[in-house]
Each structure stands twice: as structure tokens, then as C-alpha cells.
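query.tsv (TSV, C-alpha atoms) appears below.
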chain	number	residue	atom	x	y	z
G	1	MET	CA	23.23	-25.92	10.30
G	2	ASP	CA	26.73	-26.48	8.94
G	3	SER	CA	29.19	-23.60	9.51
G	4	ALA	CA	31.27	-24.84	6.59
G	5	VAL	CA	28.28	-24.27	4.31
G	6	VAL	CA	27.97	-20.71	5.62
G	7	GLN	CA	31.61	-19.96	4.85
G	8	LYS	CA	31.25	-21.54	1.42
G	9	VAL	CA	28.28	-19.29	0.67
G	10	ILE	CA	30.13	-16.16	1.78
G	11	GLN	CA	33.04	-17.06	-0.47
G	12	ALA	CA	30.66	-17.73	-3.34
G	13	LEU	CA	28.99	-14.33	-2.88
G	14	ASP	CA	32.39	-12.63	-2.94
G	15	LEU	CA	32.97	-14.23	-6.34
G	16	VAL	CA	29.50	-13.38	-7.63
G	17	TYR	CA	29.90	-9.68	-6.79
G	18	SER	CA	33.55	-9.34	-7.79
G	19	SER	CA	34.30	-7.72	-11.13
G	20	ASP	CA	37.42	-9.89	-11.47
G	21	THR	CA	35.53	-13.20	-11.40
G	22	SER	CA	35.71	-15.33	-14.54
G	23	ALA	CA	32.57	-16.67	-16.16
G	24	GLU	CA	33.32	-20.22	-15.00
G	25	GLN	CA	33.97	-19.12	-11.43
G	26	ARG	CA	30.73	-17.13	-11.44
G	27	ARG	CA	28.73	-20.15	-12.63
G	28	GLU	CA	30.24	-22.32	-9.90
G	29	ALA	CA	29.57	-19.66	-7.26
G	30	GLU	CA	25.97	-19.25	-8.36
G	31	ALA	CA	25.55	-23.04	-8.21
G	32	VAL	CA	26.66	-22.95	-4.57
G	33	CYS	CA	24.10	-20.23	-3.83
G	34	GLN	CA	21.37	-22.27	-5.48
G	35	GLN	CA	22.30	-25.34	-3.44
G	36	VAL	CA	21.69	-23.33	-0.27
G	37	ARG	CA	18.32	-22.15	-1.57
G	38	ASN	CA	17.33	-25.78	-2.15
G	39	ASP	CA	18.69	-27.05	1.17
G	40	PRO	CA	16.05	-28.41	3.58
G	41	GLU	CA	17.45	-26.03	6.21
G	42	ALA	CA	17.36	-23.04	3.83
G	43	PRO	CA	15.32	-20.74	6.14
G	44	ALA	CA	17.77	-21.35	8.99
G	45	TYR	CA	20.74	-20.50	6.76
G	46	GLY	CA	18.89	-17.46	5.44
G	47	PHE	CA	18.12	-16.02	8.85
G	48	TYR	CA	21.65	-16.68	10.08
G	49	LEU	CA	23.12	-14.76	7.14
G	50	ALA	CA	20.56	-11.95	7.50
G	51	ASN	CA	21.03	-11.51	11.24
G	52	PRO	CA	22.74	-8.12	11.79
G	53	GLY	CA	24.29	-9.49	14.99
G	54	ASN	CA	26.53	-11.71	12.88
G	55	GLN	CA	27.96	-8.55	11.26
G	56	TYR	CA	27.92	-9.77	7.70
G	57	PRO	CA	28.06	-7.14	4.93
G	58	PRO	CA	24.76	-5.94	3.43
G	59	MET	CA	25.11	-8.09	0.29
G	60	VAL	CA	25.35	-11.25	2.44
G	61	ARG	CA	22.38	-10.18	4.60
G	62	HIS	CA	20.35	-9.48	1.48
G	63	PHE	CA	21.20	-12.90	0.06
G	64	GLY	CA	20.09	-14.46	3.34
G	65	LEU	CA	16.72	-12.78	2.95
G	66	GLN	CA	16.53	-13.99	-0.65
G	67	VAL	CA	17.01	-17.55	0.63
G	68	VAL	CA	14.11	-17.11	3.07
G	69	GLU	CA	11.94	-15.61	0.32
G	70	TYR	CA	12.78	-18.49	-2.04
G	71	ALA	CA	11.77	-21.05	0.60
G	72	ILE	CA	8.41	-19.36	1.17
G	73	ARG	CA	7.64	-19.01	-2.52
G	74	HIS	CA	8.62	-22.53	-3.57
G	75	ARG	CA	7.72	-24.61	-0.53
G	76	TRP	CA	4.43	-23.22	0.69
G	77	GLY	CA	1.65	-25.70	0.07
G	78	GLY	CA	3.99	-28.17	-1.61
G	79	THR	CA	5.17	-31.65	-0.73
G	80	SER	CA	8.12	-30.20	1.19
G	81	GLY	CA	5.61	-29.05	3.75
G	82	LEU	CA	5.86	-25.31	4.49
G	83	ASP	CA	2.33	-24.80	5.82
G	84	ALA	CA	0.64	-21.93	7.64
G	85	GLN	CA	2.29	-22.90	10.92
G	86	GLY	CA	5.68	-22.88	9.20
G	87	CYS	CA	4.92	-19.42	7.85
G	88	ILE	CA	4.07	-18.24	11.37
G	89	ALA	CA	7.46	-19.42	12.65
G	90	ILE	CA	9.21	-17.56	9.83
G	91	ARG	CA	6.98	-14.52	10.44
G	92	ASP	CA	8.22	-14.18	14.02
G	93	LYS	CA	11.84	-14.12	12.87
G	94	VAL	CA	11.07	-11.64	10.08
G	95	LEU	CA	9.30	-9.31	12.51
G	96	GLU	CA	12.27	-9.54	14.86
G	97	LEU	CA	14.57	-8.44	12.04
G	98	ILE	CA	12.20	-5.60	11.12
G	99	PHE	CA	11.93	-4.30	14.68
G	100	ASN	CA	15.72	-4.34	15.02
G	101	LEU	CA	16.41	-2.33	11.86
G	102	THR	CA	18.50	0.81	12.28
G	103	ARG	CA	18.84	3.98	10.23
G	104	ASP	CA	22.07	2.60	8.78
G	105	ASP	CA	20.40	-0.40	7.15
G	106	LYS	CA	20.28	-0.28	3.37
G	107	PRO	CA	16.96	0.46	1.63
G	108	TYR	CA	17.16	-2.83	-0.26
G	109	ILE	CA	17.32	-4.70	3.08
G	110	ARG	CA	14.16	-2.90	4.21
G	111	GLU	CA	12.40	-3.55	0.91
G	112	LYS	CA	13.22	-7.26	1.00
G	113	LEU	CA	11.93	-7.60	4.55
G	114	VAL	CA	8.67	-5.90	3.54
G	115	SER	CA	8.36	-8.20	0.52
G	116	ILE	CA	8.86	-11.30	2.69
G	117	LEU	CA	6.38	-10.15	5.34
G	118	VAL	CA	3.73	-9.48	2.68
G	119	MET	CA	4.31	-12.96	1.21
G	120	LEU	CA	3.67	-14.38	4.68
G	121	ILE	CA	0.55	-12.24	5.14
G	122	VAL	CA	-0.82	-13.50	1.83
G	123	ARG	CA	-0.23	-17.12	2.88
G	124	ALA	CA	-1.01	-17.22	6.58
G	125	TRP	CA	-2.92	-14.15	7.81
G	126	LEU	CA	-6.24	-15.12	9.44
G	127	SER	CA	-5.11	-18.73	9.60
G	128	ALA	CA	-2.96	-20.64	12.10
G	129	GLY	CA	-4.16	-18.20	14.78
G	130	TRP	CA	-2.68	-15.10	13.13
G	131	THR	CA	-5.31	-12.50	13.92
G	132	ASN	CA	-3.16	-9.73	15.42
G	133	LEU	CA	-1.56	-8.23	12.30
G	134	SER	CA	-2.83	-4.73	13.08
G	135	GLU	CA	-1.40	-4.90	16.60
G	136	GLN	CA	2.00	-5.96	15.24
G	137	LEU	CA	2.07	-3.26	12.58
G	138	MET	CA	0.80	-0.65	15.04
G	139	ARG	CA	3.81	-1.37	17.26
G	140	LEU	CA	6.03	-0.78	14.25
G	141	TYR	CA	4.05	2.29	13.16
G	142	SER	CA	4.48	3.87	16.62
G	143	GLN	CA	8.14	2.92	17.08
G	144	SER	CA	9.82	5.65	15.01
G	145	ALA	CA	9.62	7.56	11.74
G	146	GLU	CA	11.45	4.68	10.03
G	147	GLY	CA	9.09	2.17	11.62
G	148	ARG	CA	6.08	4.17	10.46
G	149	GLU	CA	7.43	4.18	6.92
G	150	MET	CA	7.98	0.40	7.10
G	151	ALA	CA	4.41	-0.21	8.31
G	152	LEU	CA	3.05	1.96	5.51
G	153	SER	CA	5.18	0.04	3.04
G	154	VAL	CA	3.76	-3.28	4.26
G	155	TRP	CA	0.16	-2.12	3.80
G	156	ARG	CA	0.97	-0.49	0.47
G	157	THR	CA	2.70	-3.60	-0.88
G	158	LEU	CA	-0.16	-5.82	0.30
G	159	GLY	CA	-2.65	-3.56	-1.48
G	160	GLU	CA	-0.59	-3.69	-4.67
G	161	GLU	CA	-0.51	-7.49	-4.52
G	162	MET	CA	-4.26	-7.60	-3.92
G	163	PHE	CA	-5.62	-4.94	-6.24
G	164	VAL	CA	-2.94	-3.78	-8.70
G	165	TYR	CA	-0.58	-6.54	-9.75
G	166	ASP	CA	-1.12	-10.20	-10.53
G	167	ARG	CA	2.21	-11.64	-9.42
G	168	ASP	CA	1.49	-14.08	-6.62
G	169	PRO	CA	-0.89	-16.96	-7.45
G	170	VAL	CA	-1.61	-17.46	-3.75
G	171	VAL	CA	-3.43	-14.11	-3.73
G	172	THR	CA	-6.01	-15.58	-6.10
G	173	ILE	CA	-6.45	-18.63	-3.89
G	174	ARG	CA	-6.96	-16.63	-0.68
G	175	LYS	CA	-8.33	-13.36	-2.06
G	176	SER	CA	-11.73	-13.61	-0.39
G	177	HIS	CA	-10.25	-14.24	3.04
G	178	LEU	CA	-7.59	-11.58	2.57
G	179	THR	CA	-10.23	-9.06	1.49
G	180	ASN	CA	-12.22	-9.94	4.59
G	181	GLY	CA	-9.15	-9.18	6.69
G	182	ILE	CA	-8.46	-5.90	4.89
G	183	VAL	CA	-12.07	-4.79	5.41
G	184	GLY	CA	-11.72	-5.36	9.14
G	185	ALA	CA	-8.27	-3.80	9.38
G	186	LEU	CA	-8.64	-0.70	7.20
G	187	LEU	CA	-12.21	0.46	7.77
G	188	PRO	CA	-13.49	2.07	10.97
G	189	LYS	CA	-15.49	-0.39	13.05
G	190	ALA	CA	-18.65	1.71	12.75
G	191	VAL	CA	-18.46	1.52	8.94
G	192	VAL	CA	-17.86	-2.24	9.00
G	193	VAL	CA	-20.86	-2.83	11.24
G	194	GLU	CA	-23.01	-0.60	9.03
G	195	LEU	CA	-21.96	-2.14	5.72
G	196	TYR	CA	-21.63	-5.77	6.77
G	197	PRO	CA	-24.08	-6.37	9.66
G	198	SER	CA	-24.46	-10.02	8.68
G	199	GLY	CA	-20.87	-10.64	7.66
G	200	TYR	CA	-18.75	-10.31	4.54
G	201	ARG	CA	-19.89	-12.41	1.56
G	202	LEU	CA	-17.03	-14.42	0.18
G	203	SER	CA	-16.53	-14.73	-3.58
G	204	SER	CA	-17.86	-17.58	-5.69
G	205	ASP	CA	-14.71	-19.67	-5.30
G	206	THR	CA	-15.89	-20.40	-1.77
G	207	THR	CA	-19.52	-20.90	-2.73
G	208	THR	CA	-21.45	-23.20	-0.47
G	209	PRO	CA	-23.15	-26.32	-1.90
G	210	ALA	CA	-26.36	-25.81	-3.84
G	211	THR	CA	-29.34	-24.94	-1.72
G	212	ALA	CA	-32.58	-26.89	-1.72
G	213	GLY	CA	-33.94	-24.62	-4.43
G	214	GLY	CA	-31.13	-25.54	-6.77
G	215	LYS	CA	-29.36	-22.16	-6.43
G	216	LYS	CA	-25.91	-21.51	-5.09
G	217	SER	CA	-25.39	-18.97	-2.33
G	218	LYS	CA	-22.15	-17.26	-1.42
G	219	ALA	CA	-20.60	-18.17	1.90
G	220	VAL	CA	-20.80	-15.51	4.59
G	221	SER	CA	-17.89	-14.86	6.94
G	222	LEU	CA	-17.90	-12.47	9.89
G	223	VAL	CA	-15.46	-9.63	9.32
G	224	VAL	CA	-12.42	-10.00	11.58
G	225	LEU	CA	-12.30	-6.92	13.81
G	226	GLU	CA	-9.10	-6.82	15.82
G	227	PRO	CA	-9.41	-5.31	19.33
G	228	GLY	CA	-7.59	-2.01	19.62
G	229	ASN	CA	-8.02	-1.15	15.93
G	230	GLU	CA	-11.54	0.28	16.11
G	231	GLU	CA	-10.63	3.45	14.18
G	232	GLY	CA	-9.11	1.46	11.29
G	233	TRP	CA	-5.95	2.07	9.34
G	234	LEU	CA	-7.57	4.22	6.66
G	235	LEU	CA	-8.58	6.87	9.21
G	236	ARG	CA	-5.15	6.60	10.84
G	237	TRP	CA	-3.47	7.33	7.50
G	238	ALA	CA	-5.88	10.16	6.67
G	239	GLN	CA	-5.24	11.83	10.03
G	240	TYR	CA	-1.49	11.42	9.60
G	241	ALA	CA	-1.67	13.04	6.16
G	242	SER	CA	-3.62	15.94	7.68
G	243	GLU	CA	-1.05	16.37	10.46
G	244	LEU	CA	1.79	16.53	7.95
G	245	THR	CA	-0.14	18.89	5.68
G	246	ALA	CA	-1.07	21.21	8.55
G	247	SER	CA	2.51	21.32	9.84
G	248	SER	CA	3.73	22.38	6.40
G	249	ALA	CA	1.40	25.39	6.20
G	250	GLY	CA	3.33	28.52	5.34
G	251	MET	CA	6.50	26.66	4.43
G	252	LYS	CA	8.18	27.86	1.27
G	253	GLU	CA	9.75	24.43	0.86
G	254	LEU	CA	8.94	21.07	2.41
G	255	GLY	CA	11.80	19.27	4.19
G	256	ASP	CA	13.03	15.99	2.74
G	257	ALA	CA	11.89	13.89	5.73
G	258	GLN	CA	8.44	15.45	5.80
G	259	GLU	CA	8.08	15.07	2.04
G	260	THR	CA	9.06	11.40	2.24
G	261	GLN	CA	6.52	10.77	4.98
G	262	LEU	CA	3.71	12.56	3.17
G	263	VAL	CA	4.41	10.81	-0.13
G	264	ALA	CA	4.47	7.45	1.68
G	265	VAL	CA	1.09	7.92	3.32
G	266	ILE	CA	-0.58	9.33	0.18
G	267	ASP	CA	0.78	6.48	-1.92
G	268	THR	CA	-0.56	3.98	0.61
G	269	ILE	CA	-4.00	5.58	0.54
G	270	ALA	CA	-3.93	5.70	-3.26
G	271	VAL	CA	-3.42	1.92	-3.56
G	272	TYR	CA	-6.78	1.39	-1.84
G	273	ALA	CA	-8.57	4.44	-3.31
G	274	ASP	CA	-10.28	2.43	-6.03
G	275	TRP	CA	-11.42	-0.29	-3.62
G	276	VAL	CA	-12.39	1.27	-0.30
G	277	PRO	CA	-16.20	1.54	0.16
G	278	ILE	CA	-17.58	4.99	-0.65
G	279	ARG	CA	-19.02	5.33	2.84
G	280	ALA	CA	-15.54	4.91	4.31
G	281	LEU	CA	-14.27	7.76	2.08
G	282	VAL	CA	-16.80	10.02	3.78
G	283	SER	CA	-16.30	8.82	7.36
G	284	THR	CA	-12.52	9.33	7.11
G	285	GLN	CA	-12.85	12.67	5.22
G	286	LEU	CA	-10.39	11.25	2.73
G	287	ILE	CA	-11.25	13.50	-0.21
G	288	PRO	CA	-10.83	16.90	1.56
G	289	ARG	CA	-7.69	15.63	3.28
G	290	LEU	CA	-6.15	14.64	-0.06
G	291	ALA	CA	-7.26	17.94	-1.57
G	292	ALA	CA	-5.48	19.83	1.22
G	293	ALA	CA	-2.23	18.14	0.18
G	294	LEU	CA	-2.56	19.87	-3.21
G	295	LEU	CA	-1.50	23.09	-1.50
G	296	VAL	CA	1.71	21.75	0.03
G	297	ARG	CA	4.88	23.30	-1.41
G	298	SER	CA	6.21	20.06	-2.87
G	299	ASP	CA	5.88	19.08	-6.50
G	300	VAL	CA	5.86	15.35	-5.83
G	301	VAL	CA	3.30	15.58	-3.00
G	302	ARG	CA	0.92	17.61	-5.15
G	303	ARG	CA	1.31	15.16	-8.02
G	304	ARG	CA	0.60	12.14	-5.83
G	305	ALA	CA	-2.44	13.84	-4.26
G	306	SER	CA	-3.88	14.84	-7.64
G	307	GLU	CA	-3.43	11.31	-8.98
G	308	ALA	CA	-5.20	9.85	-5.94
G	309	LEU	CA	-8.12	12.25	-6.42
G	310	GLU	CA	-8.26	11.33	-10.10
G	311	THR	CA	-8.54	7.67	-9.11
G	312	ILE	CA	-11.40	8.41	-6.74
G	313	SER	CA	-13.18	10.47	-9.41
G	314	ARG	CA	-13.39	7.33	-11.57
G	315	ARG	CA	-15.44	5.55	-8.95
G	316	ASN	CA	-18.84	5.08	-10.58
G	317	VAL	CA	-21.55	4.04	-8.13
G	318	ALA	CA	-24.57	3.52	-10.36
G	319	SER	CA	-27.20	3.01	-7.68
G	320	GLY	CA	-27.84	3.11	-3.95
G	321	GLU	CA	-27.65	5.87	-1.41
G	322	ASP	CA	-23.93	6.46	-2.05
G	323	ARG	CA	-24.28	7.04	-5.80
G	324	ASP	CA	-23.81	10.83	-5.56
G	325	THR	CA	-21.19	10.86	-2.81
G	326	VAL	CA	-18.08	11.28	-4.95
G	327	LEU	CA	-19.63	14.18	-6.85
G	328	LEU	CA	-20.80	15.91	-3.67
G	329	GLN	CA	-17.50	15.39	-1.88
G	330	MET	CA	-15.37	16.77	-4.72
G	331	ALA	CA	-17.62	19.30	-6.46
G	332	GLN	CA	-19.68	20.63	-3.54
G	333	LEU	CA	-17.59	20.31	-0.38
G	334	PRO	CA	-16.01	23.79	-0.04
G	335	GLU	CA	-12.66	22.72	1.39
G	336	ALA	CA	-12.11	20.12	-1.34
G	337	LEU	CA	-13.29	22.18	-4.30
G	338	SER	CA	-11.48	25.32	-3.13
G	339	ALA	CA	-8.19	23.44	-2.76
G	340	MET	CA	-8.58	21.91	-6.22
G	341	ALA	CA	-9.32	25.28	-7.78
G	342	GLN	CA	-6.44	26.97	-5.97
G	343	ALA	CA	-4.01	24.21	-6.92
G	344	TYR	CA	-5.11	24.37	-10.55
G	345	GLY	CA	-4.56	28.12	-10.52
G	346	THR	CA	-0.91	27.64	-9.55
G	347	THR	CA	-0.33	25.56	-12.70
G	348	LEU	CA	-1.27	28.36	-15.08
G	349	PRO	CA	1.58	29.96	-17.09
G	350	ASN	CA	1.48	33.25	-15.24
G	351	ALA	CA	1.81	31.56	-11.83
G	352	VAL	CA	3.77	28.37	-12.36
G	353	ASP	CA	7.23	29.87	-11.79
G	354	ASN	CA	6.19	31.15	-8.36
G	355	PHE	CA	4.76	27.87	-7.08
G	356	TRP	CA	6.60	25.02	-8.81
G	357	ASP	CA	10.19	23.84	-9.03
G	358	ASP	CA	9.46	21.80	-12.14
G	359	SER	CA	6.93	23.09	-14.68
G	360	SER	CA	6.46	19.58	-16.08
G	361	GLU	CA	5.14	18.47	-12.67
G	362	ALA	CA	2.70	21.37	-12.73
G	363	LEU	CA	1.45	20.16	-16.10
G	364	VAL	CA	0.90	16.63	-14.75
G	365	VAL	CA	-1.12	17.99	-11.82
G	366	ALA	CA	-3.16	20.23	-14.11
G	367	ARG	CA	-4.01	17.26	-16.30
G	368	SER	CA	-4.92	15.06	-13.32
G	369	LEU	CA	-7.22	17.72	-11.87
G	370	ALA	CA	-8.80	18.39	-15.26
G	371	THR	CA	-9.38	14.66	-15.77
G	372	ALA	CA	-10.87	14.35	-12.29
G	373	CYS	CA	-13.31	17.19	-12.97
G	374	ALA	CA	-14.20	15.70	-16.36
G	375	ASN	CA	-14.92	12.39	-14.64
G	376	LEU	CA	-17.17	14.15	-12.15
G	377	VAL	CA	-19.20	15.51	-15.05
G	378	THR	CA	-19.32	12.47	-17.33
G	379	LEU	CA	-19.55	9.69	-14.73
G	380	HIS	CA	-21.57	11.42	-12.04
G	381	TRP	CA	-23.29	14.70	-12.87
G	382	THR	CA	-24.69	13.95	-16.33
G	383	ARG	CA	-25.63	10.32	-15.89
G	384	LYS	CA	-29.07	9.14	-16.97
G	385	LYS	CA	-32.06	10.04	-14.74
G	386	LEU	CA	-29.98	12.56	-12.82
G	387	ASP	CA	-31.71	14.28	-9.93
G	388	SER	CA	-31.48	17.98	-10.81
G	389	ASN	CA	-30.94	18.84	-7.14
G	390	VAL	CA	-27.96	16.54	-6.66
G	391	LEU	CA	-25.61	19.54	-6.89
G	392	PRO	CA	-27.65	22.38	-5.39
G	393	GLN	CA	-24.88	25.01	-5.61
G	394	PRO	CA	-22.83	24.22	-8.71
G	395	GLU	CA	-21.51	27.72	-9.38
G	396	GLN	CA	-17.95	27.28	-8.06
G	397	PHE	CA	-17.59	23.92	-9.75
G	398	VAL	CA	-18.84	25.35	-13.04
G	399	GLU	CA	-16.38	28.23	-12.73
G	400	LEU	CA	-13.55	25.73	-12.36
G	401	LEU	CA	-14.78	23.77	-15.37
G	402	VAL	CA	-14.94	26.96	-17.46
G	403	ALA	CA	-11.40	27.92	-16.41
G	404	MET	CA	-10.13	24.49	-17.33
G	405	SER	CA	-11.83	24.53	-20.72
G	406	ARG	CA	-10.46	27.99	-21.42
G	407	ASP	CA	-6.93	26.91	-20.60
G	408	ALA	CA	-7.10	23.59	-22.44
How does the structure come out when it is put into C-alpha cells?
Amino acid sequence: MDSAVVQKVIQALDLVYSSDTSAEQRREAEAVCQQVRNDPEAPAYGFYLANPGNQYPPMVRHFGLQVVEYAIRHRWGGTSGLDAQGCIAIRDKVLELIFNLTRDDKPYIREKLVSILVMLIVRAWLSAGWTNLSEQLMRLYSQSAEGREMALSVWRTLGEEMFVYDRDPVVTIRKSHLTNGIVGALLPKAVVVELYPSGYRLSSDTTTPATAGGKKSKAVSLVVLEPGNEEGWLLRWAQYASELTASSAGMKELGDAQETQLVAVIDTIAVYADWVPIRALVSTQLIPRLAAALLVRSDVVRRRASEALETISRRNVASGEDRDTVLLQMAQLPEALSAMAQAYGTTLPNAVDNFWDDSSEALVVARSLATACANLVTLHWTRKKLDSNVLPQPEQFVELLVAMSRDA
């Protein structure tokens, strides 16, 4: 690594970020930055600039991380040869930077590190011997409140890349293997063994050659269960949400730190709410735990919880023994239904001023809860060939439906 190049980059960044820089100077400075991105030693330059021990300003550290990110995105799988082993080497340095973050580090530094780590997970997890992701993130999760928020952010961003957005083409290439890993990491071991006793069936892009009968069969891969993660991350998040909710009981106002933590864990759960197997929703008591968050004195927490419940209410399991689970969990389970009814009551005109800081947030929650209940009726309770005993005690649910229709 050439120290003269480092100094040249720092000077170029000063010009890029200066308001006094001319257009020509800015173009020349940006060209210097691009040269570093394209340099064969780009990751080394990036990590040197991003290293807090070198005491560069945040804008230089952030650029260093951008250089690392650029190398991963444009060199992985290409002729320049950044393979899974190369990703593992970069991963170790990224994790070192993450574990050495302090409270003074800028949010955009944290966000970029999370983005880079997720890119590496997408490309190299479950290959090149990387089978201890949960152990690594558990160390971060247990390190501090900031570390816990970072670990949640990693899982949340990975879920968004997998199930929400379509930004990284490598996700499509490795989606089956990544899903296998997520199944083993997020779900409790008992649920994994019950649902996938013979292994997880990979998607058709990994279909095995045609069988003797002329039919194709999907490849089967054993779910990767990491030692020490038997409870699974989903249960860990659900329990954390319950701890935060319980500690806020009786508070007239939720503290900023506690609100941030609760929003982070609910948002992480919500990313996976439309994917996680129904049986795992039950084993982790996810629905009543989310419903309990509806009663926390925080507008944003209640909105996030109601939106997560609305997402779950859209889950339509047409057949099998789990087909009635969502309906029973939301419309029959007393703790869930009572919390939903109580939260809805706080959004009514005669109560909203006493329970909400922002009436518009109350309206959003009311709509989410009303939509969730409508989904329970249209997608679950009134479906064709409904067993009349599926909801043996519907009175409280019907009362809530009547109240919602009256207030509509």
C-alpha cells in the first residue's frame, strides 16, 4: 500500500466535500477517488482509511468503507477473483471494526458496516467454512445496547435483502442456501426438527438431474443448526420485546433509549413476519408479544406493532393443521385479542388526547388493527368449507368487529 496514494485520497476528499471547490477540481478529485476504488489493493486502502486507530475524520472513514463495499460488489465472482475465501478475509476485518465501534461513531458509519457485513453474508455464509454467524452476532448482541442494536440491524437488513427488496443479484443466485441458513438460525431447534425432519428442500434452481421416471426432484439439504443457538433468534427477539414491554408498564412516557430498542426489535421481527413458518409463530408466542406492545405509551412503538400484526393477519394457510392458527392466535387468544381491543379503544375520538401524542399516529394504528381484523374474517374465518367450531368463543372478537364497523 502506497502512503502517497492515501494522502492523495485525503486531499481529494477535502476537495469533494468543500463548498469552495470548483467544478473542474471536483471532477479531478472524484477521479482520484475512483482510481482507488479500482485499485487491485482497494480493500487494503479501504480498511486503512476506515480504521479508527488512524484517527481520520468520519468522512474519510466512511469513504474507506465505500471502497471496501465497491470491491465486494464489483469483484465477487468475477475475473478479478474475489471468491468466498476472499470474502471471509474481509469479513474478519469488518467484524473487528464493528466490535470496536464506540458511542461516538456516526450513524452512517454503523449503517455502512452493517451493509457491508450483509453483502458478505449473502456471498459467503454457509460456504468457505462460515457456519458460525449466529455465534458471531450473539457476541455482538450481548456486548452492549449499541451492539444489540447493530446485531438486530444485520438480521433486519438481511431479511430485507432476502424477502423485501430485489437489489442484490447474488441473493437470487444463493437464495435457497441462504433460506436454509435463516431457517436454522431463526427458528427454535425443536420447530426445525419438526418441520424439516428430512432436510430443507432447495428451490428448483438447484434441482437434481431427472430421476429414472423422467421427473425432476428438488435437492434436499440438511438445515444448518449452529451449536449454542438452539432457541433461535426469533424467540430471542420475542423475549427481548416482552422484557422491554414489561419494563415499560405503568410508564406515562417511554424513554428514548427504550423506545429505540423496542422499535428496532419489532422492526426486525416484522421483516420476517410474512415468511416465518406458522408453527414458529406459536412456539415463540409472537402474536401475543406483539399485541402487548400495542399498550406501550409510545406512538411509534404502537404503530410498528400494529403494522406487524397486520402483516401476520394476511398469512393465508389454505390447508394443513396450521390453517386456523392465525385466526385462533389473534381472535381467540385472550391476551392478544384483549390488547388489540384496548389499543383500538385508545384511538377513539373521546380517548385519543389522553393516550396519544400525535392523533395521526392513532389513526394509522386504528386502520392497521381494523385491516388486521378484516383479514381475519375474510381470509380465515369465512373461507370455504369452514369448520363451524374453529372459533368456539367468538363473542369478544365479534364485539370488536362491531365497534370497528360502528366507528368506521
First collect every listed atom of range 7-18 of chain G; then fit an axis-aligned box around them, widen it by 6 Å on each side, and give centre and edge lengths in Å to one decimal, as JSON.
{"center_x": 30.9, "center_y": -15.4, "center_z": -1.5, "size_x": 17.3, "size_y": 24.2, "size_z": 24.6}
Query raised in the report: Residues at most 7 Å from Ile312 in chain G, counting all atoms listed in the file, excluding those fewer than 3 positions away in the same chain, as a PyMOL selection string?
Result: chain G and resi 273-274+308-309+315
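Closest approach to Met1 in chain G among G:Ile98, G:Glu28, G:Tyr48, G:Phe163 is made by G:Tyr48 (distances from all atoms listed in the file).
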Query raised in the report: To one decimal place, how far is CA of Ala50 in chain G from CA of Arg73 in chain G in Å?
Result: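 CA of Arg73 in chain G lies 17.8 Å from CA of Ala50 in chain G.
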Query raised in the report: Which residues come within 12 Å of Gln396 in chain G, counting all atoms listed in the file, excluding same-chain residues fewer than 5 positions away, as a PyMOL selection string?
Result: chain G and resi 330-342+391+401-403
Requested in this report: List the neighbours of range 299-306 of chain G out to 10 Å using all atoms listed in the file; skip same-chain residues closer than 2 positions along the sequence, and give me the result as a ChimeraX atom specification.
Outcome: /G:245,253-254,259-264,266-267,269-270,287,289-297,308-312,340,343,355-372
Query - Residue with smallest distance to Gly159 in chain G - pool G:Leu65, G:Ser283, G:Trp275, G:Arg91, counting only C-alpha atoms - result: G:Trp275
Query raised in the report: What is the CA of Ser3 in chain G-CA of Tyr45 in chain G distance in Å, reported with one decimal?
Result: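 Value for the CA of Ser3 in chain G-CA of Tyr45 in chain G distance: 9.4 Å.
For the pair CA of Ala23 in chain G and CA of Ala71 in chain G, the interatomic distance is 27.1 Å.
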Requested in this report: Pick out the closest residue to Ser144 in chain G from this set: G:Leu101, G:Glu230, G:Ser247, G:Thr172. Count all atoms listed in the file.
Outcome: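 Checking each candidate against Ser144 in chain G, we get G:Leu101 as the closest.
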Near-Leu133 in chain G list (10 Å; only C-alpha atoms; drop same-chain fewer than 3 positions) as a PDB file with C-alpha atoms, in the coordinates of the input:
ATOM      1  CA  ILE G 121       0.550 -12.240   5.140  1.00  0.00           C
ATOM      2  CA  TRP G 125      -2.920 -14.150   7.810  1.00  0.00           C
ATOM      3  CA  LEU G 126      -6.240 -15.120   9.440  1.00  0.00           C
ATOM      4  CA  TRP G 130      -2.680 -15.100  13.130  1.00  0.00           C
ATOM      5  CA  GLN G 136       2.000  -5.960  15.240  1.00  0.00           C
ATOM      6  CA  LEU G 137       2.070  -3.260  12.580  1.00  0.00           C
ATOM      7  CA  MET G 138       0.800  -0.650  15.040  1.00  0.00           C
ATOM      8  CA  GLY G 181      -9.150  -9.180   6.690  1.00  0.00           C
ATOM      9  CA  ALA G 185      -8.270  -3.800   9.380  1.00  0.00           C
ATOM     10  CA  GLU G 226      -9.100  -6.820  15.820  1.00  0.00           C
TER      11      GLU G 226
END
**Report entry** Residue with smallest distance to Leu178 in chain G - pool G:Ala124, G:Ala190, G:Ala238, G:Ala151, counting all atoms listed in the file
**Finding:**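 Result for the nearest residue to Leu178 in chain G: G:Ala124.
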Query raised in the report: G:Asp2, G:Asp322, G:Glu146, G:Asp14: which is nearest Leu195 in chain G, counting only C-alpha atoms?
Result: G:Asp322
Requested in this report: For each of G:Thr21, G:Val94, G:Phe63, G:Glu41, take the minimum atom-to-atom distance to Arg75 in chain G, counting all atoms listed in the file, then give the residue where this is smallest.
Outcome: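 The shortest atom-to-atom distance to Arg75 in chain G comes from G:Glu41.
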Report task. Would you kindly return, as a PyMOL selection string, each protein, DNA or RNA residue with an atom no farther than 10 Å from any atom of Pro58 in chain G, considering only C-alpha atoms and excluding same-chain residues fewer than 6 positions away? Result -> chain G and resi 49-50+52+64+105-106+108-109
